[in-house]
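Engineer: You'll find protein-v3.cif just under this line, and it carries mmCIF, C-alpha atoms.
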```
data_query
#
loop_
_atom_site.group_PDB
_atom_site.id
_atom_site.type_symbol
_atom_site.label_atom_id
_atom_site.label_comp_id
_atom_site.auth_asym_id
_atom_site.auth_seq_id
_atom_site.Cartn_x
_atom_site.Cartn_y
_atom_site.Cartn_z
ATOM 1 C CA MET A 1 127.169 84.201 100.853
ATOM 2 C CA SER A 2 125.344 87.300 99.590
ATOM 3 C CA MET A 3 122.869 85.071 97.717
ATOM 4 C CA PHE A 4 122.087 83.079 100.879
ATOM 5 C CA LYS A 5 121.759 86.287 102.914
ATOM 6 C CA GLY A 6 119.428 87.807 100.321
ATOM 7 C CA VAL A 7 117.243 84.699 100.037
ATOM 8 C CA ALA A 8 116.983 84.161 103.805
ATOM 9 C CA ASN A 9 116.032 87.785 104.453
ATOM 10 C CA GLY A 10 113.575 87.779 101.558
ATOM 11 C CA LEU A 11 111.748 84.758 102.994
ATOM 12 C CA VAL A 12 111.599 86.283 106.485
ATOM 13 C CA SER A 13 110.250 89.508 104.963
ATOM 14 C CA SER A 14 107.495 87.793 103.003
ATOM 15 C CA ILE A 15 106.369 85.572 105.891
ATOM 16 C CA SER A 16 106.239 88.461 108.352
ATOM 17 C CA PHE A 17 104.374 90.639 105.818
ATOM 18 C CA GLY A 18 101.861 87.845 105.271
ATOM 19 C CA LEU A 19 100.914 88.011 108.962
ATOM 20 C CA ILE A 20 99.339 91.477 108.558
ATOM 21 C CA PRO A 21 95.734 90.148 108.631
ATOM 22 C CA LEU A 22 96.414 88.371 111.940
ATOM 23 C CA PHE A 23 97.029 91.672 113.726
ATOM 24 C CA THR A 24 94.917 94.132 111.723
ATOM 25 C CA LEU A 25 91.569 92.380 111.379
ATOM 26 C CA PRO A 26 90.891 92.083 115.160
ATOM 27 C CA VAL A 27 91.635 95.798 115.602
ATOM 28 C CA LEU A 28 89.376 96.737 112.689
ATOM 29 C CA ALA A 29 86.652 94.457 114.074
ATOM 30 C CA GLY A 30 86.832 96.409 117.342
ATOM 31 C CA GLY A 31 85.725 99.559 115.554
ATOM 32 C CA MET A 32 88.971 101.307 114.667
ATOM 33 C CA SER A 33 89.086 102.923 111.234
ATOM 34 C CA MET A 34 91.707 101.901 108.715
ATOM 35 C CA ASP A 35 93.139 105.428 108.689
ATOM 36 C CA SER A 36 93.721 105.309 112.449
ATOM 37 C CA LEU A 37 95.147 101.808 112.332
ATOM 38 C CA ILE A 38 97.710 102.592 109.668
ATOM 39 C CA CYS A 39 98.718 105.815 111.459
ATOM 40 C CA TYR A 40 99.287 103.887 114.683
ATOM 41 C CA ARG A 41 101.208 101.238 112.769
ATOM 42 C CA PHE A 42 103.731 103.658 111.306
ATOM 43 C CA SER A 43 103.905 105.926 114.375
ATOM 44 C CA LEU A 44 104.780 102.990 116.632
ATOM 45 C CA ALA A 45 107.222 101.569 114.081
ATOM 46 C CA THR A 46 108.979 104.942 113.746
ATOM 47 C CA VAL A 47 109.339 105.301 117.528
ATOM 48 C CA LEU A 48 110.620 101.725 117.906
ATOM 49 C CA ILE A 49 113.216 102.168 115.144
ATOM 50 C CA ALA A 50 114.354 105.483 116.628
ATOM 51 C CA GLY A 51 114.864 103.696 119.940
ATOM 52 C CA LEU A 52 116.891 100.950 118.251
ATOM 53 C CA MET A 53 119.070 103.529 116.497
ATOM 54 C CA LEU A 54 119.686 105.372 119.780
ATOM 55 C CA ILE A 55 120.607 102.132 121.543
ATOM 56 C CA ARG A 56 123.013 101.228 118.730
ATOM 57 C CA LYS A 57 124.280 104.828 118.599
ATOM 58 C CA GLU A 58 123.569 105.130 114.885
ATOM 59 C CA SER A 59 123.527 108.554 113.258
ATOM 60 C CA PHE A 60 120.253 110.097 112.041
ATOM 61 C CA ARG A 61 122.122 112.448 109.693
ATOM 62 C CA ILE A 62 121.171 112.518 106.011
ATOM 63 C CA SER A 63 122.019 114.912 103.182
ATOM 64 C CA LYS A 64 119.523 117.260 101.524
ATOM 65 C CA SER A 65 119.856 115.324 98.273
ATOM 66 C CA ASP A 66 118.558 112.183 100.045
ATOM 67 C CA ILE A 67 115.229 113.810 100.926
ATOM 68 C CA PRO A 68 113.477 113.647 97.487
ATOM 69 C CA VAL A 69 114.191 109.931 96.982
ATOM 70 C CA LEU A 70 113.171 109.178 100.580
ATOM 71 C CA ILE A 71 109.877 111.013 100.033
ATOM 72 C CA LEU A 72 109.247 109.048 96.838
ATOM 73 C CA ALA A 73 110.017 105.727 98.550
ATOM 74 C CA ALA A 74 107.746 106.671 101.473
ATOM 75 C CA VAL A 75 104.866 107.531 99.121
ATOM 76 C CA PHE A 76 105.197 104.165 97.356
ATOM 77 C CA TYR A 77 105.223 102.331 100.699
ATOM 78 C CA ASP A 78 102.196 104.314 101.931
ATOM 79 C CA ILE A 79 100.256 103.458 98.778
ATOM 80 C CA SER A 80 101.035 99.779 99.228
ATOM 81 C CA SER A 81 100.033 99.710 102.898
ATOM 82 C CA MET A 82 96.864 101.822 102.589
ATOM 83 C CA PHE A 83 95.473 100.059 99.548
ATOM 84 C CA LEU A 84 96.114 96.602 101.026
ATOM 85 C CA LEU A 85 94.148 97.518 104.153
ATOM 86 C CA TRP A 86 91.359 98.967 102.002
ATOM 87 C CA ALA A 87 91.281 95.709 100.051
ATOM 88 C CA TYR A 88 90.461 93.857 103.282
ATOM 89 C CA ASP A 89 87.165 95.781 103.343
ATOM 90 C CA TYR A 90 86.201 94.293 99.981
ATOM 91 C CA LEU A 91 87.852 90.865 100.060
ATOM 92 C CA GLY A 92 88.924 88.205 102.532
ATOM 93 C CA SER A 93 92.424 88.535 103.948
ATOM 94 C CA GLY A 94 93.768 85.616 101.909
ATOM 95 C CA LEU A 95 92.369 86.785 98.581
ATOM 96 C CA ALA A 96 93.370 90.419 99.141
ATOM 97 C CA THR A 97 96.959 89.450 99.943
ATOM 98 C CA ILE A 98 97.213 87.029 97.039
ATOM 99 C CA LEU A 99 96.091 89.758 94.620
ATOM 100 C CA HIS A 100 98.608 92.088 96.235
ATOM 101 C CA PHE A 101 101.152 89.390 95.413
ATOM 102 C CA THR A 102 101.083 90.370 91.743
ATOM 103 C CA TYR A 103 103.930 92.722 92.716
ATOM 104 C CA PRO A 104 106.737 90.343 91.562
ATOM 105 C CA VAL A 105 105.342 90.473 88.038
ATOM 106 C CA LEU A 106 104.798 94.239 88.292
ATOM 107 C CA THR A 107 108.381 94.642 89.530
ATOM 108 C CA THR A 108 109.631 92.759 86.485
ATOM 109 C CA LEU A 109 107.483 94.885 84.154
ATOM 110 C CA ILE A 110 108.778 98.149 85.666
ATOM 111 C CA MET A 111 112.375 96.993 85.335
ATOM 112 C CA MET A 112 111.789 95.941 81.713
ATOM 113 C CA ILE A 113 109.939 99.095 80.625
ATOM 114 C CA PHE A 114 111.750 101.843 82.518
ATOM 115 C CA PHE A 115 115.200 100.431 83.282
ATOM 116 C CA ASN A 116 115.935 98.462 80.112
ATOM 117 C CA GLU A 117 115.966 95.032 81.697
ATOM 118 C CA LYS A 118 115.856 92.592 78.804
ATOM 119 C CA SER A 119 112.492 91.070 77.983
ATOM 120 C CA SER A 120 112.214 87.387 77.125
ATOM 121 C CA LEU A 121 109.617 84.783 76.243
ATOM 122 C CA PRO A 122 109.655 83.250 79.755
ATOM 123 C CA LYS A 123 109.031 86.653 81.368
ATOM 124 C CA ILE A 124 106.173 87.428 78.965
ATOM 125 C CA LEU A 125 104.709 83.961 79.642
ATOM 126 C CA ALA A 126 104.972 84.564 83.380
ATOM 127 C CA ILE A 127 103.093 87.860 83.076
ATOM 128 C CA ILE A 128 100.281 86.189 81.078
ATOM 129 C CA MET A 129 100.073 83.397 83.659
ATOM 130 C CA ALA A 130 99.927 85.903 86.500
ATOM 131 C CA VAL A 131 97.041 87.735 84.841
ATOM 132 C CA GLY A 132 95.286 84.393 84.419
ATOM 133 C CA GLY A 133 95.851 83.643 88.081
ATOM 134 C CA VAL A 134 94.375 87.000 89.092
ATOM 135 C CA ILE A 135 91.279 86.243 86.970
ATOM 136 C CA LEU A 136 90.858 82.864 88.692
ATOM 137 C CA LEU A 137 91.172 84.467 92.108
ATOM 138 C CA SER A 138 88.728 87.229 91.196
ATOM 139 C CA VAL A 139 85.913 84.986 89.941
ATOM 140 C CA GLN A 140 84.650 83.478 93.198
ATOM 141 C CA LYS A 141 81.357 82.453 94.767
ATOM 142 C CA GLY A 142 79.763 81.105 91.643
ATOM 143 C CA GLY A 143 80.659 83.653 89.060
ATOM 144 C CA GLY A 144 81.788 87.123 89.817
ATOM 145 C CA ASP A 145 80.432 88.080 93.246
ATOM 146 C CA VAL A 146 83.809 89.397 94.335
ATOM 147 C CA SER A 147 84.023 93.189 94.084
ATOM 148 C CA LEU A 148 85.943 94.375 91.038
ATOM 149 C CA ALA A 149 86.794 97.526 92.988
ATOM 150 C CA GLY A 150 88.364 95.324 95.652
ATOM 151 C CA VAL A 151 90.412 93.496 93.039
ATOM 152 C CA ALA A 152 91.645 96.808 91.597
ATOM 153 C CA VAL A 153 92.533 98.159 95.064
ATOM 154 C CA ALA A 154 94.481 95.016 95.972
ATOM 155 C CA VAL A 155 96.414 94.964 92.693
ATOM 156 C CA PHE A 156 97.197 98.686 93.046
ATOM 157 C CA SER A 157 98.667 97.953 96.481
ATOM 158 C CA GLY A 158 100.961 95.502 94.707
ATOM 159 C CA LEU A 159 101.986 98.224 92.249
ATOM 160 C CA GLY A 160 102.927 100.491 95.155
ATOM 161 C CA TYR A 161 105.037 97.738 96.718
ATOM 162 C CA ALA A 162 106.714 96.943 93.399
ATOM 163 C CA SER A 163 107.562 100.624 92.907
ATOM 164 C CA TYR A 164 109.016 100.781 96.416
ATOM 165 C CA MET A 165 111.245 97.768 95.755
ATOM 166 C CA VAL A 166 112.436 99.143 92.431
ATOM 167 C CA SER A 167 113.248 102.522 94.004
ATOM 168 C CA ILE A 168 115.562 100.856 96.525
ATOM 169 C CA ASN A 169 117.166 98.762 93.795
ATOM 170 C CA VAL A 170 117.883 101.562 91.305
ATOM 171 C CA SER A 171 118.583 104.544 93.585
ATOM 172 C CA SER A 172 122.236 104.800 94.574
ATOM 173 C CA LYS A 173 121.293 107.187 97.386
ATOM 174 C CA LEU A 174 118.912 104.669 98.947
ATOM 175 C CA GLN A 175 121.449 101.903 98.402
ATOM 176 C CA ASN A 176 124.059 103.864 100.363
ATOM 177 C CA LEU A 177 121.841 104.478 103.397
ATOM 178 C CA LYS A 178 122.088 101.938 106.216
ATOM 179 C CA GLY A 179 119.055 99.694 106.583
ATOM 180 C CA LEU A 180 117.743 101.074 109.890
ATOM 181 C CA LYS A 181 118.247 104.685 108.823
ATOM 182 C CA LEU A 182 116.495 104.073 105.504
ATOM 183 C CA THR A 183 113.611 102.319 107.245
ATOM 184 C CA PHE A 184 113.329 105.088 109.854
ATOM 185 C CA TYR A 185 113.026 107.918 107.335
ATOM 186 C CA VAL A 186 110.677 105.992 105.026
ATOM 187 C CA PHE A 187 108.362 105.368 107.988
ATOM 188 C CA LEU A 188 108.747 108.880 109.455
ATOM 189 C CA ILE A 189 107.955 110.645 106.167
ATOM 190 C CA GLY A 190 105.204 108.167 105.366
ATOM 191 C CA ASP A 191 103.679 108.614 108.819
ATOM 192 C CA ILE A 192 103.554 112.395 108.404
ATOM 193 C CA PHE A 193 101.638 111.977 105.132
ATOM 194 C CA LEU A 194 99.276 109.404 106.661
ATOM 195 C CA ILE A 195 98.446 111.480 109.741
ATOM 196 C CA ALA A 196 97.865 114.590 107.607
ATOM 197 C CA ASN A 197 95.580 112.575 105.310
ATOM 198 C CA SER A 198 93.706 111.146 108.299
ATOM 199 C CA TYR A 199 92.894 114.570 109.761
ATOM 200 C CA ALA A 200 92.265 116.225 106.391
ATOM 201 C CA PHE A 201 89.933 113.610 104.892
ATOM 202 C CA GLY A 202 88.979 111.382 107.834
ATOM 203 C CA THR A 203 88.269 111.518 111.540
ATOM 204 C CA GLY A 204 91.870 111.644 112.726
ATOM 205 C CA MET A 205 93.472 109.089 115.045
ATOM 206 C CA GLN A 206 90.877 107.362 117.191
ATOM 207 C CA PRO A 207 91.581 106.387 120.819
ATOM 208 C CA LEU A 208 92.598 102.787 121.500
ATOM 209 C CA ASN A 209 89.711 100.586 122.611
ATOM 210 C CA SER A 210 91.474 97.878 124.619
ATOM 211 C CA GLY A 211 94.727 96.403 125.816
ATOM 212 C CA MET A 212 94.538 93.829 123.028
ATOM 213 C CA ASP A 213 94.448 96.666 120.496
ATOM 214 C CA ILE A 214 97.746 97.909 121.919
ATOM 215 C CA VAL A 215 99.265 94.410 121.740
ATOM 216 C CA ASN A 216 98.095 93.850 118.161
ATOM 217 C CA LEU A 217 99.333 97.267 117.026
ATOM 218 C CA LEU A 218 102.749 96.746 118.639
ATOM 219 C CA LEU A 219 103.072 93.337 116.962
ATOM 220 C CA LEU A 220 101.907 94.854 113.663
ATOM 221 C CA ALA A 221 104.513 97.617 114.000
ATOM 222 C CA PHE A 222 107.377 95.305 114.901
ATOM 223 C CA VAL A 223 106.709 92.053 112.995
ATOM 224 C CA CYS A 224 104.846 93.251 109.885
ATOM 225 C CA THR A 225 106.464 96.670 109.524
ATOM 226 C CA ILE A 226 109.962 96.912 111.004
ATOM 227 C CA LEU A 227 111.038 93.275 110.571
ATOM 228 C CA SER A 228 109.447 92.848 107.147
ATOM 229 C CA ASN A 229 110.882 96.092 105.745
ATOM 230 C CA GLN A 230 114.334 95.732 107.293
ATOM 231 C CA THR A 231 114.793 92.198 105.928
ATOM 232 C CA LEU A 232 113.362 93.296 102.562
ATOM 233 C CA ILE A 233 115.999 96.036 102.258
ATOM 234 C CA VAL A 234 118.789 93.555 103.079
ATOM 235 C CA SER A 235 117.384 91.142 100.500
ATOM 236 C CA ILE A 236 117.127 93.769 97.729
ATOM 237 C CA LYS A 237 120.666 95.008 98.367
ATOM 238 C CA ASN A 238 122.019 91.466 98.059
ATOM 239 C CA ILE A 239 119.992 89.898 95.228
ATOM 240 C CA GLY A 240 118.109 92.766 93.514
ATOM 241 C CA SER A 241 114.453 93.793 93.435
ATOM 242 C CA VAL A 242 113.149 91.155 90.999
ATOM 243 C CA ARG A 243 114.590 88.180 92.857
ATOM 244 C CA ALA A 244 113.640 89.676 96.224
ATOM 245 C CA SER A 245 110.086 90.198 95.023
ATOM 246 C CA VAL A 246 109.625 86.639 93.838
ATOM 247 C CA LEU A 247 110.661 85.330 97.254
ATOM 248 C CA GLY A 248 107.387 86.875 98.413
ATOM 249 C CA ALA A 249 105.767 83.550 97.474
ATOM 250 C CA MET A 250 105.514 82.812 101.192
ATOM 251 C CA GLU A 251 103.439 85.974 101.707
ATOM 252 C CA PRO A 252 100.130 84.816 100.161
ATOM 253 C CA VAL A 253 100.691 81.290 101.484
ATOM 254 C CA THR A 254 101.037 82.724 105.001
ATOM 255 C CA ALA A 255 97.965 84.927 104.558
ATOM 256 C CA VAL A 256 95.874 82.002 103.284
ATOM 257 C CA ILE A 257 96.939 79.840 106.229
ATOM 258 C CA VAL A 258 96.016 82.672 108.625
ATOM 259 C CA GLY A 259 92.657 83.052 106.882
ATOM 260 C CA LEU A 260 91.944 79.321 107.091
ATOM 261 C CA LEU A 261 93.093 78.719 110.662
ATOM 262 C CA VAL A 262 92.117 81.977 112.383
ATOM 263 C CA PHE A 263 89.329 83.615 110.372
ATOM 264 C CA ASN A 264 87.570 80.476 109.039
ATOM 265 C CA GLU A 265 87.913 81.504 105.397
ATOM 266 C CA LEU A 266 87.210 78.868 102.757
ATOM 267 C CA MET A 267 89.690 77.481 100.250
ATOM 268 C CA THR A 268 87.917 77.014 96.917
ATOM 269 C CA TRP A 269 89.389 75.260 93.922
ATOM 270 C CA LYS A 270 89.574 78.578 92.083
ATOM 271 C CA THR A 271 91.553 80.155 94.912
ATOM 272 C CA ALA A 272 93.931 77.194 94.988
ATOM 273 C CA ALA A 273 94.302 77.131 91.194
ATOM 274 C CA GLY A 274 94.814 80.900 90.988
ATOM 275 C CA MET A 275 97.501 80.821 93.665
ATOM 276 C CA LEU A 276 99.283 77.922 91.955
ATOM 277 C CA VAL A 277 99.261 79.719 88.599
ATOM 278 C CA ILE A 278 100.677 82.896 90.161
ATOM 279 C CA LEU A 279 103.355 80.915 91.998
ATOM 280 C CA ALA A 280 104.205 79.122 88.744
ATOM 281 C CA ALA A 281 104.617 82.528 87.086
ATOM 282 C CA VAL A 282 106.959 83.565 89.881
ATOM 283 C CA ILE A 283 109.041 80.406 89.447
ATOM 284 C CA ILE A 284 109.333 81.100 85.721
ATOM 285 C CA ILE A 285 110.593 84.613 86.493
ATOM 286 C CA ILE A 286 113.224 83.156 88.832
ATOM 287 C CA LEU A 287 114.384 80.582 86.306
ATOM 288 C CA SER A 288 114.366 83.067 83.425
ATOM 289 C CA GLY A 289 117.387 84.751 84.999
ATOM 290 C CA LYS A 290 119.438 81.590 84.585
ATOM 291 C CA LYS A 291 120.986 80.337 81.385
#
```
Could you show the structure in this file as structure tokens?

Structural biologist:
Amino acid sequence: MSMFKGVANGLVSSISFGLIPLFTLPVLAGGMSMDSLICYRFSLATVLIAGLMLIRKESFRISKSDIPVLILAAVFYDISSMFLLWAYDYLGSGLATILHFTYPVLTTLIMMIFFNEKSSLPKILAIIMAVGGVILLSVQKGGGDVSLAGVAVAVFSGLGYASYMVSINVSSKLQNLKGLKLTFYVFLIGDIFLIANSYAFGTGMQPLNSGMDIVNLLLLAFVCTILSNQTLIVSIKNIGSVRASVLGAMEPVTAVIVGLLVFNELMTWKTAAGMLVILAAVIIIILSGKK
């Protein structure tokens, strides 16, 4: 039962996360800066979760010892979210999200290096294949026109997400917090950092331009932030960070479909081959856990 619960929630998380371009790109096209967009995203998500907790009469109480690990988890989540949005400036939504999808392999590497998860030939093969897939995805438009900076930004967003998943998996304090409470404090702390960064190094939070901006930001906050993170936490707690991360296979598939159907992005053979190689690497990681 726990396996089914973990798998189902992991798939919902990855699909909802893959819809980020659908709600962010129209807002960015309307002139809003990325700093403002991400601040609105987490501010709205924090308020919505607080409302849900009040309706369900859940306690907001945490211990002082929970604060450091919550700050660390929030920083990892902020890094993932900010760098993925920055990657959209350099790359198409599909390519940026697929490169971000290296996080299952990065999750496995972190667990192997820092938490003594056993290495094996299949896992090493999967890592090599994933790197090969990233190279295929990066070499587009007839030989290297894609920004290398964009590739690095997108992959670094995956590292942030992998670190966030590992922190939930290995921290007993995060494991013991209820899902909504954990999500609320990760978003609240992360939002404080993001707003401070926006006013310190940017222009601050810009005013909303239209009613559609409000709709897109609310959907971004609920579908791609609250729903994706809440189901991710349930998945990690039931099947672990590595297995939860590999279920993210639906994330780049969703983003590519959005790019093709909504934003008229092109599917090249290199993009298709790169995605298939990365997905094959993910499948190897899944199967490597079985005898």

Engineer: So which one's closest to A:Gln206, A:Ile168, A:Ala29, A:Ala8, A:Leu37? Using all atoms listed in the file, please.

Structural biologist: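 Closest candidate: A:Leu37.
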
Engineer: Apply the PyMOL selection byres ((chain A and resi 216) around 12) to the file shown and report the selected residues as a ChimeraX atom specification.

Structural biologist: /A:19-28,30,37,40-41,44,208-215,217-224

Engineer: So which one's closest to A:Val131, A:Gln175, A:Ser245, A:Thr203, A:Thr102? Using only C-alpha atoms, please.

Structural biologist: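 Going through A:Gln175, A:Ser245, A:Thr203, A:Thr102 one by one, the smallest distance to A:Val131 is for A:Thr102.
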
Engineer: Please enumerate the residues selected by the PyMOL selection byres ((chain A and resi 49) around 12) when evaluated against the supplied file, formatted as a VMD selection string.

Structural biologist: chain A and resid 42 to 48 50 to 58 60 179 to 188 221 to 222 225 to 227 229 to 230

Engineer: Any idea what the distance is between atom CA of A:Phe4 and atom CA of A:Asn169?

Structural biologist: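 The value is 17.9 Å.
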
Engineer: Given the PyMOL selection byres ((chain A and resi 247-258) around 10) and the file above, list the residues it selects as a PyMOL selection string.

Structural biologist: chain A and resi 6-22+92-104+232+235+242-246+259-267+271-272+275+278-280+282-283+286

Engineer: Using only C-alpha atoms, can you tell me which of A:Ala200, A:Leu159, A:Ile110, A:Met165 comes closest to A:Ile239?

Structural biologist: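 Answer, going by the shortest atom-to-atom distance: A:Met165.
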
Engineer: To one decimal place in Å, what is the distance between atom CA of A:Ile71 and atom CA of A:Ala87?

Structural biologist: 24.1 Å

Engineer: So which residues are close to (101.9, 98.2, 96.2), meaning at most 8 Å away in the file's coordinates with all atoms listed in the file counted, and can you show them as a ChimeraX atom specification?

Structural biologist: /A:76-77,79-81,83-84,100,103,155-164

Engineer: Could you work out how far atom CA of A:Ile128 lies from atom CA of A:Gly274, giving the answer in Å with one decimal?

Structural biologist: 12.5 Å
